[in-house]
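Q: First the structure, which I've put down as structure tokens, then a few questions once you've had a look.
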Amino acid sequence: IYTHNKTWDYGSGIYASNSTLTNCTGSSDDGYGIYATNSILTNCTGSNGGFGYGIYATNSVLTNCTGSSDDSGIYAYNKSIIQACDGTEGGISIDDTCYPNTQDLLEQLNKGTITIET
């Protein structure tokens, strides 16, 4: 279990690869608040003050996470799982390989405007 708080001006506040993160906070002015690949994130918050993503996830599991950005609060693809997450500021964007993969179920389980990219 990894608990971390980090801020960067450019790049990733937190970069996680093959990791389990709990109660973490990452922020960036341009880039990614949290960049996660092949990871499990629980109760994490990622924010981005400029161009980029609050949380950017690939092949990862996000539970009870919050992402905020002018661009996209949470962007997930490549078989990621998103549940009980909040993308109110910037929305949630996923590709069609993620779960849940229906608009109705995504809206029931998460907060924010949700876009499924095909």
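Residues in the structure tokens are named by chain (A, B, ... in the order shown) and by number from 1 within that chain; ligands are numbered from 1 in the order shown.
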Got a sec: who's within 7 Å of range 63-67 of chain A, counting only C-alpha atoms, leaving out chain neighbours fewer than 4 positions off, as JSON, numbers by chain?
A: {"A": [41, 42, 43, 44, 45, 46, 47, 54, 55, 73, 74, 82, 83, 84, 85, 86, 87]}
Q: Tell me which protein, DNA and RNA residues are within 9 Å of Asp70 in chain A, counting only C-alpha atoms, leaving out same-chain ones fewer than 3 positions away, and put them as a VMD selection string.
A: chain A and resid 48 to 54 73 89 to 90
Q: Please write the residues from the selection above to a file, keeping C-alpha atoms, as a JSON list (two decimals), in the first residue's frame.
A:
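The file below, out.json, is the result:
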[["chain", "number", "residue", "atom", "x", "y", "z"],
["A", 48, "ASN", "CA", -4.78, 19.31, -13.13],
["A", 49, "GLY", "CA", -4.89, 23.07, -13.34],
["A", 50, "GLY", "CA", -4.32, 23.33, -17.09],
["A", 51, "PHE", "CA", -4.20, 21.11, -20.16],
["A", 52, "GLY", "CA", -4.31, 17.42, -19.33],
["A", 53, "TYR", "CA", -6.14, 15.04, -17.02],
["A", 54, "GLY", "CA", -6.91, 14.80, -13.33],
["A", 73, "GLY", "CA", -11.38, 14.87, -14.92],
["A", 89, "GLU", "CA", -15.07, 18.80, -12.80],
["A", 90, "GLY", "CA", -14.05, 17.86, -16.33]]
Q: Have a look at A:Tyr32, A:Ser17, A:Asn23, A:Gly112 and name the one nearest to Thr58 in chain A; count only C-alpha atoms.
A: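 Using only C-alpha atoms, the shortest distance to Thr58 in chain A belongs to A:Ser17.
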Q: Run DSSP on the backbone and tell me which residues of chain A come out as strand (DSSP E); list them as a PyMOL selection string.
A: chain A and resi 5-17+20-22+25-37+40-42+45-48+52-58+61-63+66-68+72-77+81-83+92-95+114-117
Q: Near Tyr75 in chain A, within 7 Å and counting only C-alpha atoms, which residues show up once chain neighbours fewer than 6 positions away are dropped, as a VMD selection string?
A: chain A and resid 53 55 to 57 92 to 94
Q: Would you pick out the contacts of Lys79 in chain A at 6 Å or less, using only C-alpha atoms, so that residues sharing its chain but fewer than 2 positions from it are not included, and give the list as an MDAnalysis selection string?
A: chainID A and resid 59 77 97:98
Q: Selected residues, N, CA and C atoms, written as a CSV table (one decimal), in the first residue's frame, please.
A:
chain,number,residue,atom,x,y,z
A,59,ASN,N,-5.6,0.2,-18.1
A,59,ASN,CA,-5.6,-1.2,-17.6
A,59,ASN,C,-5.5,-1.1,-16.0
A,77,TYR,N,-8.8,4.0,-20.2
A,77,TYR,CA,-9.0,3.2,-21.3
A,77,TYR,C,-8.3,1.8,-21.1
A,97,THR,N,-13.6,-0.5,-24.1
A,97,THR,CA,-13.1,-1.7,-23.5
A,97,THR,C,-13.2,-1.7,-22.0
A,98,CYS,N,-13.6,-0.5,-21.4
A,98,CYS,CA,-13.7,-0.4,-20.0
A,98,CYS,C,-15.0,-0.9,-19.4
Q: Give the alpha helix (DSSP H) residues of chain A, as DSSP finds them on the backbone, and put them as a PyMOL selection string.
A: chain A and resi 103-109
Q: At what distance in Å, to one decimal, does CA of Leu105 in chain A lie from CA of Asn78 in chain A?
A: 18.2 Å
Q: Kindly give the distance, in Å, that separates CA of Ser12 in chain A and CA of Gln103 in chain A, rounded to a single decimal.
A: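 Value for the CA of Ser12 in chain A-CA of Gln103 in chain A distance: 28.8 Å.
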Q: How far is it from CA of Asp96 in chain A to CA of Ile14 in chain A, in Å with one decimal?
A: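 According to the coordinates, CA of Asp96 in chain A and CA of Ile14 in chain A are separated by 25.4 Å.
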